[in-house]
Amino acid sequence: MPSSPPDLNPEQYEAVHTLHGPLLIIAGAGSGKTRVITYRIAQMLEEHIPQNAILALTFTNKAAREMEQRVKELTGRKLTNLTVSTFHAFGVQVLRESGSALGYRDNFTIYDTEDCLTLLKSCAHELGQVWESKDLPDVAQLFSAIKTGRRGWEGEPAEYRELYREYGEHLLLYNAVDFDDLIMKPIEMFSTHPEILDAYRKRYRYILVDEFQDTSISQFEIVRLLADEHRNLCVVGDDDQSIYSWRGANFENIVLFERHFPERKEIKLEQNYRSTGIILAAANALIVHNTNRKEKALWTPTEGGKSIEVIHPVDETDEARFIAETIKTLKFRENRTYDDFGILVRTNSLTKHLEMALLHHNIPYKVSGGTSFFQRKEVKDVIAYLRLVVNPSDDVNFLRILNTPRRGAGRQFLELLVAVSRAKSLCHFDALKDILVTQQSGVPDETRAELAAFMELIEEYQTRSRRPRVKMAPQARELLEEAGYYEYLALENAKSDKAFRWKTQNIESLLKFLEDWETDPDNSRPDLGSFLNRITLITRDDLNDREEKGAVSLMTIHASKGLEFKVVFVVGVEDKIMPHEKSLAEGPEVLEEERRLFYVAITRAREKLYLTVCRTRRTLKETFHPAPSPFLEELPTELLQESETQQEDVTEEDWDDLMASLKKKMQP
DNA sequence: GTAAGGCCCGTTTTT
DNA sequence: CGGGCCTTAC
């Protein structure tokens, strides 16, 4: 590794070589941020800072993996002791290592959003509270805001507090945590157990945070606690690309950072290596309309470029058709490949027509969105079995599979189970055992036998899982077989053999994944518990990587952050979509966030940018004539070229065909 | 306890 | 217009 690479500009060079003390790097879009970060880590290793003293925090698993990969390539070293992790995964690590201080056993389970909702529902039920099930997600969101300190209780009814308390108690009882706990519990532990905090401070003496504008107050709190003493904290971010405030992200963390670390050094990376002068000029002209931002101006030596095209399709079908045809044309005429193209949408609901058009034109594409692999029912069922094997106190997952396949445990039995659990303070699993042992009346013999078999099955595999060096993937196959899960799937999908095979295949993929995890020589924690916690934190984007190259990318603007494409289409650049009408209601700061969102979209493009504005758009019931996005007026007209599309009718049959093939693709 | 049909709802972004 | 959830009927 070159110690002073010639390919860094002066600011980048300084950022790479400033290793001590607090450092704030404001990295504009396309300013070579990732390179700076990887070079900087490489430089640390070069200066003999031990790997295990470095902690690099990112937002997504994907970013973490990429960073690790690039450092590996750059240095040619094995990086077994370097910690590159997401905030949440770091939280898991801390809880595993030290969570016993707060009463967690290291086999704890992480609940995803769905699990939490299930738990909330059962808590409400237990308290005799009646909720419209559509309201529960809102309640869950409120609880999340409260847990992370973004909101207080004022103005909320007393039942909410009661439900919140019940929810929290149950989590603890189940030895389970939700996403927020992964951040808040470490903070709690650090404040109540200074000796633990001290150990982490001594260990992680160099800390780096990527996408700092997306960190929440509590995430910054973790970092601040860790870095307070040694103060070797480098944060990298771009306030103009802060688009996650609804999730608690607070780009004013940048201000907080300056306050907490007044001796900080600040470096601005303003040279853009990505986009043409025209695209950059448009982006700059747009973002200056935001009031609350750090002054900066991206520049590029490559002036000019192709104009930004503003297209006015007749309607959304025409819009999709135009995009598909343009992709085909450009691929041929400019000799491009499909992965040169990115289609960006504000909301997932906008992708439908686009998918159909791409399908119609035989254009390979990948979408980020829809249900993630790990959310599919059959996959979650299998995960529930495995989670129960790891953590028998996990009632939510217990209930998920108790009657899957059917074992005759219906409403009545459930009432009994809950009653026994409560009366004897047992988890459901132990309560089941108790019911079976005490020969409690009211349970039909057949049911009793099936449930006994179920219980013994789980216990058997709990025992097996504790054997040293056991490989759980083959065990899991056996477990499912014995549980009759495959038969259940066959029965459930009796009408469609294809559906059955598809689901079995998904399960097989999951178990393959587990197998790879268990046999990976570089994996320092190849146990089942770590695997399960790991996959709960995996989101859709992380998996997309494994898919084929050579496909057009179709995704939300949010999902596109950090990516770039030679040609970008931004779909529906219309009022009420961009800015989105739902967000407008929330106030003027949100308008600025919507502008940042558009800014992110524009700056994904390297060479050519298309913006589409439909003449008419159909929503649920009505058709209307959308106005162009107000943001369009903020772009200098001389950079834009407006045009209509030539319409070409799609016949009714074509439409039906496409509908059919789209369905087939989504649910084989 | 399960299976099928009707009703009502919705559409912001996701670690 | 389509999907998910809930009720009702065996």
# chains A, B, ... in the order shown; residues from 1 in each chain; ligands from 1
>>> select_by_dssp(residues="stretch 31-220 of chain A", states="strand (DSSP E)", output="NGL selection string")
:A and (54-58 or 83-86 or 109-111 or 176-178 or 206-209)
>>> write_last_selection(atoms="C-alpha atoms", output="PDB file, in the first residue's frame")
ATOM      1  CA  ILE A  54     -10.418   0.459  15.373  1.00  0.00           C
ATOM      2  CA  LEU A  55     -14.181   0.698  15.276  1.00  0.00           C
ATOM      3  CA  ALA A  56     -15.862   1.747  12.032  1.00  0.00           C
ATOM      4  CA  LEU A  57     -19.605   2.276  12.139  1.00  0.00           C
ATOM      5  CA  THR A  58     -21.831   2.446   9.107  1.00  0.00           C
ATOM      6  CA  THR A  83     -14.567  -4.034  13.691  1.00  0.00           C
ATOM      7  CA  VAL A  84     -16.570  -2.714  10.776  1.00  0.00           C
ATOM      8  CA  SER A  85     -20.181  -2.865  11.731  1.00  0.00           C
ATOM      9  CA  THR A  86     -23.562  -1.199  11.680  1.00  0.00           C
ATOM     10  CA  THR A 109     -33.572 -12.916  20.432  1.00  0.00           C
ATOM     11  CA  ILE A 110     -33.981  -9.804  18.296  1.00  0.00           C
ATOM     12  CA  TYR A 111     -37.546  -8.999  17.353  1.00  0.00           C
ATOM     13  CA  ALA A 176     -35.711 -10.534  23.630  1.00  0.00           C
ATOM     14  CA  VAL A 177     -34.871  -7.065  22.377  1.00  0.00           C
ATOM     15  CA  ASP A 178     -36.281  -4.849  19.649  1.00  0.00           C
ATOM     16  CA  TYR A 206     -10.038   4.979  17.064  1.00  0.00           C
ATOM     17  CA  ILE A 207     -13.616   5.444  15.983  1.00  0.00           C
ATOM     18  CA  LEU A 208     -14.981   6.304  12.581  1.00  0.00           C
ATOM     19  CA  VAL A 209     -18.606   6.975  11.683  1.00  0.00           C
TER      20      VAL A 209
END
>>> residues_around(residues="B:DG10", least_positions_apart="2", cutoff="12 Å", atoms="only C-alpha atoms (C1' of nucleotides)", output="short mmCIF file (atom, residue, chain, number, x, y, z; two decimals) with all heavy atoms, in the first residue's frame")
data_model
loop_
_atom_site.label_atom_id
_atom_site.label_comp_id
_atom_site.auth_asym_id
_atom_site.auth_seq_id
_atom_site.Cartn_x
_atom_site.Cartn_y
_atom_site.Cartn_z
N LYS A 134 -55.13 -1.89 12.66
CA LYS A 134 -54.43 -0.92 11.80
C LYS A 134 -53.76 0.18 12.62
O LYS A 134 -52.86 0.86 12.14
CB LYS A 134 -55.39 -0.31 10.79
CG LYS A 134 -56.45 0.60 11.40
CD LYS A 134 -57.30 1.24 10.29
CE LYS A 134 -58.61 1.79 10.80
NZ LYS A 134 -58.56 2.90 11.74
N SER A 349 -44.84 2.46 -4.45
CA SER A 349 -46.05 2.21 -5.23
C SER A 349 -45.88 2.65 -6.69
O SER A 349 -46.65 2.26 -7.54
CB SER A 349 -47.22 2.92 -4.60
OG SER A 349 -46.95 4.30 -4.48
N THR A 619 -54.63 7.80 -9.72
CA THR A 619 -54.45 7.24 -8.39
C THR A 619 -55.62 6.30 -8.16
O THR A 619 -56.31 5.95 -9.10
CB THR A 619 -54.44 8.33 -7.30
OG1 THR A 619 -55.64 9.09 -7.43
CG2 THR A 619 -53.24 9.23 -7.43
N LEU A 620 -55.85 5.94 -6.92
CA LEU A 620 -56.88 4.97 -6.59
C LEU A 620 -58.10 5.06 -7.48
O LEU A 620 -58.41 4.17 -8.23
CB LEU A 620 -57.30 5.15 -5.12
CG LEU A 620 -56.15 5.08 -4.14
CD1 LEU A 620 -56.67 5.22 -2.73
CD2 LEU A 620 -55.37 3.81 -4.33
N LYS A 621 -58.81 6.16 -7.35
CA LYS A 621 -60.02 6.22 -8.16
C LYS A 621 -59.97 7.32 -9.21
O LYS A 621 -60.51 7.20 -10.28
CB LYS A 621 -61.24 6.41 -7.25
CG LYS A 621 -60.99 7.29 -6.08
CD LYS A 621 -62.10 7.13 -5.04
CE LYS A 621 -61.60 7.43 -3.65
NZ LYS A 621 -61.72 6.44 -2.65
P DC B 8 -67.61 -2.14 4.98
OP1 DC B 8 -68.64 -2.01 6.01
OP2 DC B 8 -67.87 -1.70 3.59
"O5'" DC B 8 -66.29 -1.42 5.47
"C5'" DC B 8 -65.43 -2.06 6.43
"C4'" DC B 8 -63.99 -1.86 6.02
"O4'" DC B 8 -63.66 -2.76 4.94
"C3'" DC B 8 -63.73 -0.44 5.49
"O3'" DC B 8 -62.69 0.14 6.23
"C2'" DC B 8 -63.33 -0.65 4.05
"C1'" DC B 8 -62.77 -2.07 4.07
N1 DC B 8 -62.79 -2.72 2.73
C2 DC B 8 -61.65 -3.40 2.28
O2 DC B 8 -60.64 -3.44 3.00
N3 DC B 8 -61.67 -3.99 1.05
C4 DC B 8 -62.77 -3.91 0.30
N4 DC B 8 -62.74 -4.51 -0.89
C5 DC B 8 -63.94 -3.23 0.73
C6 DC B 8 -63.91 -2.66 1.95
P DC C 1 -61.05 -1.59 -12.04
OP1 DC C 1 -61.38 -1.58 -13.46
OP2 DC C 1 -62.00 -2.04 -11.02
"O5'" DC C 1 -59.71 -2.42 -11.86
"C5'" DC C 1 -58.48 -1.68 -11.73
"C4'" DC C 1 -57.64 -2.29 -10.60
"O4'" DC C 1 -57.78 -1.48 -9.41
"C3'" DC C 1 -58.04 -3.70 -10.20
"O3'" DC C 1 -56.87 -4.51 -10.21
"C2'" DC C 1 -58.61 -3.57 -8.80
"C1'" DC C 1 -57.96 -2.30 -8.28
N1 DC C 1 -58.80 -1.54 -7.30
C2 DC C 1 -58.24 -1.06 -6.11
O2 DC C 1 -57.05 -1.29 -5.88
N3 DC C 1 -59.01 -0.36 -5.24
C4 DC C 1 -60.29 -0.13 -5.53
N4 DC C 1 -61.02 0.56 -4.66
C5 DC C 1 -60.88 -0.60 -6.74
C6 DC C 1 -60.12 -1.30 -7.59
P DG C 2 -56.85 -6.06 -10.21
OP1 DG C 2 -56.10 -6.51 -11.39
OP2 DG C 2 -58.24 -6.53 -9.97
"O5'" DG C 2 -55.98 -6.38 -8.92
"C5'" DG C 2 -54.82 -5.60 -8.65
"C4'" DG C 2 -54.54 -5.63 -7.16
"O4'" DG C 2 -55.47 -4.76 -6.47
"C3'" DG C 2 -54.71 -7.02 -6.54
"O3'" DG C 2 -53.59 -7.30 -5.73
"C2'" DG C 2 -55.98 -6.91 -5.72
"C1'" DG C 2 -55.98 -5.44 -5.33
N9 DG C 2 -57.30 -4.90 -5.04
C8 DG C 2 -58.44 -5.08 -5.78
N7 DG C 2 -59.49 -4.47 -5.27
C5 DG C 2 -58.99 -3.86 -4.13
C6 DG C 2 -59.64 -3.06 -3.17
O6 DG C 2 -60.82 -2.73 -3.14
N1 DG C 2 -58.77 -2.64 -2.16
C2 DG C 2 -57.44 -2.95 -2.11
N2 DG C 2 -56.76 -2.46 -1.07
N3 DG C 2 -56.81 -3.70 -3.00
C4 DG C 2 -57.64 -4.12 -3.97
P DG C 3 -53.23 -8.78 -5.38
OP1 DG C 3 -52.01 -9.14 -6.12
OP2 DG C 3 -54.44 -9.61 -5.50
"O5'" DG C 3 -52.86 -8.64 -3.84
"C5'" DG C 3 -52.19 -7.46 -3.38
"C4'" DG C 3 -52.61 -7.16 -1.95
"O4'" DG C 3 -53.93 -6.56 -1.95
"C3'" DG C 3 -52.68 -8.39 -1.05
"O3'" DG C 3 -52.03 -8.09 0.17
"C2'" DG C 3 -54.17 -8.61 -0.84
"C1'" DG C 3 -54.70 -7.17 -0.92
N9 DG C 3 -56.10 -7.08 -1.31
C8 DG C 3 -56.70 -7.68 -2.39
N7 DG C 3 -57.97 -7.40 -2.50
C5 DG C 3 -58.23 -6.55 -1.43
C6 DG C 3 -59.43 -5.92 -1.03
O6 DG C 3 -60.54 -5.98 -1.56
N1 DG C 3 -59.24 -5.15 0.11
C2 DG C 3 -58.06 -5.00 0.79
N2 DG C 3 -58.08 -4.22 1.86
N3 DG C 3 -56.92 -5.58 0.42
C4 DG C 3 -57.08 -6.34 -0.69
P DG C 4 -51.36 -9.24 0.98
OP1 DG C 4 -49.92 -8.97 0.99
OP2 DG C 4 -51.88 -10.55 0.51
"O5'" DG C 4 -51.93 -8.98 2.46
"C5'" DG C 4 -51.83 -7.67 3.02
"C4'" DG C 4 -52.97 -7.45 3.98
"O4'" DG C 4 -54.22 -7.37 3.24
"C3'" DG C 4 -53.17 -8.57 5.02
"O3'" DG C 4 -53.38 -7.97 6.28
"C2'" DG C 4 -54.41 -9.30 4.53
"C1'" DG C 4 -55.20 -8.14 3.91
N9 DG C 4 -56.19 -8.55 2.92
C8 DG C 4 -55.99 -9.39 1.84
N7 DG C 4 -57.07 -9.56 1.12
C5 DG C 4 -58.04 -8.79 1.75
C6 DG C 4 -59.40 -8.59 1.43
O6 DG C 4 -60.04 -9.06 0.47
N1 DG C 4 -60.03 -7.73 2.33
C2 DG C 4 -59.42 -7.15 3.42
N2 DG C 4 -60.18 -6.37 4.17
N3 DG C 4 -58.15 -7.33 3.74
C4 DG C 4 -57.51 -8.16 2.87
#
>>> select_by_dssp(residues="stretch 204-343 of chain A", states="alpha helix (DSSP H)", output="JSON, numbers by chain")
{"A": [217, 218, 219, 220, 221, 222, 223, 224, 225, 226, 227, 253, 254, 255, 256, 257, 258, 259, 260, 277, 278, 279, 280, 281, 282, 283, 284, 285, 286, 287, 316, 317, 318, 319, 320, 321, 322, 323, 324, 325, 326, 327, 328, 329, 330, 331, 332, 333]}
>>> write_last_selection(atoms="N, CA and C atoms", output="tab-separated table (two decimals), in the first residue's frame")
chain	number	residue	atom	x	y	z
A	217	ILE	N	-29.83	10.88	17.58
A	217	ILE	CA	-29.25	11.43	18.81
A	217	ILE	C	-28.66	10.31	19.65
A	218	SER	N	-29.38	9.20	19.77
A	218	SER	CA	-28.89	8.14	20.65
A	218	SER	C	-27.68	7.43	20.06
A	219	GLN	N	-27.64	7.32	18.75
A	219	GLN	CA	-26.47	6.70	18.15
A	219	GLN	C	-25.24	7.58	18.36
A	220	PHE	N	-25.44	8.87	18.25
A	220	PHE	CA	-24.32	9.77	18.52
A	220	PHE	C	-23.90	9.67	19.98
A	221	GLU	N	-24.90	9.46	20.83
A	221	GLU	CA	-24.62	9.32	22.26
A	221	GLU	C	-23.67	8.14	22.52
A	222	ILE	N	-23.92	7.04	21.87
A	222	ILE	CA	-23.03	5.88	22.02
A	222	ILE	C	-21.60	6.24	21.65
A	223	VAL	N	-21.50	6.84	20.47
A	223	VAL	CA	-20.19	7.19	19.97
A	223	VAL	C	-19.49	8.19	20.88
A	224	ARG	N	-20.28	9.14	21.34
A	224	ARG	CA	-19.71	10.17	22.20
A	224	ARG	C	-19.17	9.54	23.49
A	225	LEU	N	-19.97	8.63	24.06
A	225	LEU	CA	-19.54	7.97	25.28
A	225	LEU	C	-18.22	7.24	25.07
A	226	LEU	N	-18.13	6.57	23.93
A	226	LEU	CA	-16.93	5.77	23.67
A	226	LEU	C	-15.70	6.65	23.42
A	227	ALA	N	-15.92	7.80	22.81
A	227	ALA	CA	-14.79	8.60	22.35
A	227	ALA	C	-14.42	9.74	23.29
A	253	ASN	N	-26.73	16.64	14.48
A	253	ASN	CA	-25.65	15.97	15.18
A	253	ASN	C	-24.31	16.58	14.79
A	254	ILE	N	-24.27	17.11	13.58
A	254	ILE	CA	-23.03	17.76	13.14
A	254	ILE	C	-22.73	18.95	14.04
A	255	VAL	N	-23.78	19.69	14.39
A	255	VAL	CA	-23.61	20.81	15.31
A	255	VAL	C	-23.23	20.31	16.70
A	256	LEU	N	-23.92	19.23	17.11
A	256	LEU	CA	-23.61	18.64	18.42
A	256	LEU	C	-22.16	18.20	18.49
A	257	PHE	N	-21.71	17.63	17.40
A	257	PHE	CA	-20.33	17.17	17.33
A	257	PHE	C	-19.37	18.33	17.55
A	258	GLU	N	-19.67	19.44	16.88
A	258	GLU	CA	-18.80	20.61	17.00
A	258	GLU	C	-18.79	21.13	18.43
A	259	ARG	N	-19.94	21.02	19.09
A	259	ARG	CA	-20.02	21.51	20.45
A	259	ARG	C	-19.26	20.58	21.41
A	260	HIS	N	-19.43	19.29	21.21
A	260	HIS	CA	-18.78	18.34	22.12
A	260	HIS	C	-17.28	18.23	21.89
A	277	GLY	N	-20.61	18.59	-15.39
A	277	GLY	CA	-20.80	19.95	-14.91
A	277	GLY	C	-22.25	20.35	-14.88
A	278	ILE	N	-22.99	19.93	-15.88
A	278	ILE	CA	-24.40	20.32	-15.95
A	278	ILE	C	-25.21	19.72	-14.82
A	279	ILE	N	-25.01	18.44	-14.59
A	279	ILE	CA	-25.75	17.78	-13.51
A	279	ILE	C	-25.39	18.42	-12.17
A	280	LEU	N	-24.12	18.69	-12.01
A	280	LEU	CA	-23.66	19.28	-10.76
A	280	LEU	C	-24.22	20.69	-10.57
A	281	ALA	N	-24.27	21.44	-11.68
A	281	ALA	CA	-24.80	22.81	-11.60
A	281	ALA	C	-26.26	22.77	-11.17
A	282	ALA	N	-27.00	21.81	-11.71
A	282	ALA	CA	-28.41	21.67	-11.33
A	282	ALA	C	-28.52	21.34	-9.85
A	283	ALA	N	-27.71	20.39	-9.41
A	283	ALA	CA	-27.75	19.98	-8.00
A	283	ALA	C	-27.42	21.15	-7.08
A	284	ASN	N	-26.39	21.89	-7.42
A	284	ASN	CA	-26.01	23.05	-6.61
A	284	ASN	C	-27.12	24.10	-6.57
A	285	ALA	N	-27.70	24.36	-7.76
A	285	ALA	CA	-28.76	25.38	-7.83
A	285	ALA	C	-29.95	24.97	-6.97
A	286	LEU	N	-30.21	23.68	-6.91
A	286	LEU	CA	-31.33	23.20	-6.12
A	286	LEU	C	-31.08	23.37	-4.63
A	287	ILE	N	-29.92	22.90	-4.21
A	287	ILE	CA	-29.71	22.75	-2.77
A	287	ILE	C	-29.48	24.09	-2.07
A	316	GLU	N	-48.81	7.48	-16.65
A	316	GLU	CA	-47.75	6.66	-16.05
A	316	GLU	C	-47.36	5.47	-16.93
A	317	THR	N	-48.32	4.99	-17.73
A	317	THR	CA	-47.99	3.89	-18.64
A	317	THR	C	-47.02	4.37	-19.71
A	318	ASP	N	-47.32	5.54	-20.22
A	318	ASP	CA	-46.47	6.14	-21.23
A	318	ASP	C	-45.09	6.46	-20.66
A	319	GLU	N	-45.09	6.89	-19.43
A	319	GLU	CA	-43.85	7.20	-18.74
A	319	GLU	C	-42.96	5.96	-18.66
A	320	ALA	N	-43.58	4.85	-18.25
A	320	ALA	CA	-42.83	3.61	-18.11
A	320	ALA	C	-42.33	3.14	-19.48
A	321	ARG	N	-43.21	3.25	-20.47
A	321	ARG	CA	-42.84	2.85	-21.82
A	321	ARG	C	-41.66	3.67	-22.32
A	322	PHE	N	-41.75	4.96	-22.10
A	322	PHE	CA	-40.67	5.84	-22.55
A	322	PHE	C	-39.33	5.43	-21.92
A	323	ILE	N	-39.37	5.15	-20.64
A	323	ILE	CA	-38.12	4.80	-19.95
A	323	ILE	C	-37.56	3.49	-20.50
A	324	ALA	N	-38.44	2.50	-20.64
A	324	ALA	CA	-37.97	1.21	-21.14
A	324	ALA	C	-37.37	1.35	-22.54
A	325	GLU	N	-38.07	2.09	-23.39
A	325	GLU	CA	-37.58	2.23	-24.77
A	325	GLU	C	-36.29	3.03	-24.83
A	326	THR	N	-36.22	4.04	-24.00
A	326	THR	CA	-34.99	4.83	-23.97
A	326	THR	C	-33.81	3.97	-23.54
A	327	ILE	N	-34.05	3.13	-22.56
A	327	ILE	CA	-32.97	2.25	-22.10
A	327	ILE	C	-32.50	1.36	-23.25
A	328	LYS	N	-33.47	0.78	-23.95
A	328	LYS	CA	-33.11	-0.08	-25.08
A	328	LYS	C	-32.31	0.70	-26.13
A	329	THR	N	-32.82	1.87	-26.47
A	329	THR	CA	-32.15	2.68	-27.49
A	329	THR	C	-30.73	3.03	-27.09
A	330	LEU	N	-30.57	3.53	-25.86
A	330	LEU	CA	-29.26	3.96	-25.41
A	330	LEU	C	-28.29	2.79	-25.32
A	331	LYS	N	-28.82	1.66	-24.91
A	331	LYS	CA	-27.97	0.48	-24.80
A	331	LYS	C	-27.37	0.16	-26.15
A	332	PHE	N	-28.23	0.25	-27.16
A	332	PHE	CA	-27.79	-0.05	-28.51
A	332	PHE	C	-26.92	1.07	-29.08
A	333	ARG	N	-27.44	2.30	-29.00
A	333	ARG	CA	-26.78	3.41	-29.67
A	333	ARG	C	-25.48	3.82	-28.98
>>> closest_atom_pairs(of="chain A", to="chain B", cutoff="9 Å", atoms="only C-alpha atoms (C1' of nucleotides)", output="tab-separated table")
residue	atom	partner	partner_atom	distance
A:Phe59	CA	B:DT15	C1'	7.1
A:Thr60	CA	B:DT15	C1'	7.1
A:Thr86	CA	B:DT15	C1'	8.8
A:Phe87	CA	B:DT15	C1'	8.6
A:His88	CA	B:DT15	C1'	7.4
A:Phe179	CA	B:DT15	C1'	7.9
A:Ile243	CA	B:DT13	C1'	8.3
A:Tyr244	CA	B:DT13	C1'	7.6
A:Trp246	CA	B:DT13	C1'	7.9
A:Arg247	CA	B:DT14	C1'	7.7
A:Arg346	CA	B:DT12	C1'	7.7
A:Thr347	CA	B:DT12	C1'	6.1
A:Asn348	CA	B:DT12	C1'	8.4
A:Ser349	CA	B:DT11	C1'	6.7
A:Gly408	CA	B:DG1	C1'	7.6
A:Ala409	CA	B:DG1	C1'	8.9
A:Gly410	CA	B:DG1	C1'	6.7
A:Arg411	CA	B:DG1	C1'	8.7
A:Leu537	CA	B:DT15	C1'	7.6
A:Ile538	CA	B:DT15	C1'	8.9
A:Thr539	CA	B:DT15	C1'	8.1
A:Thr556	CA	B:DT13	C1'	8.1
A:Ile557	CA	B:DT13	C1'	8.4
A:His558	CA	B:DT13	C1'	6.4
A:Ala559	CA	B:DT13	C1'	8.9
A:His580	CA	B:DT12	C1'	7.4
A:Lys582	CA	B:DT12	C1'	7.2
A:Ser583	CA	B:DT12	C1'	7.6
A:Leu620	CA	B:DG10	C1'	8.8
>>> closest_residue(among="A:Arg40, A:Lys566, A:Arg464, A:Arg618", to="chain C", atoms="only C-alpha atoms (C1' of nucleotides)")
A:Arg618
>>> atom_distance(atom1="atom CA of A:Pro526", atom2="atom CA of A:Lys78")
17.9 Å
>>> atom_distance(atom1="atom CA of A:Leu416", atom2="atom CA of A:Lys433")
12.5 Å
>>> atom_distance(atom1="atom CA of A:Glu515", atom2="atom CA of A:Glu481")
17.3 Å
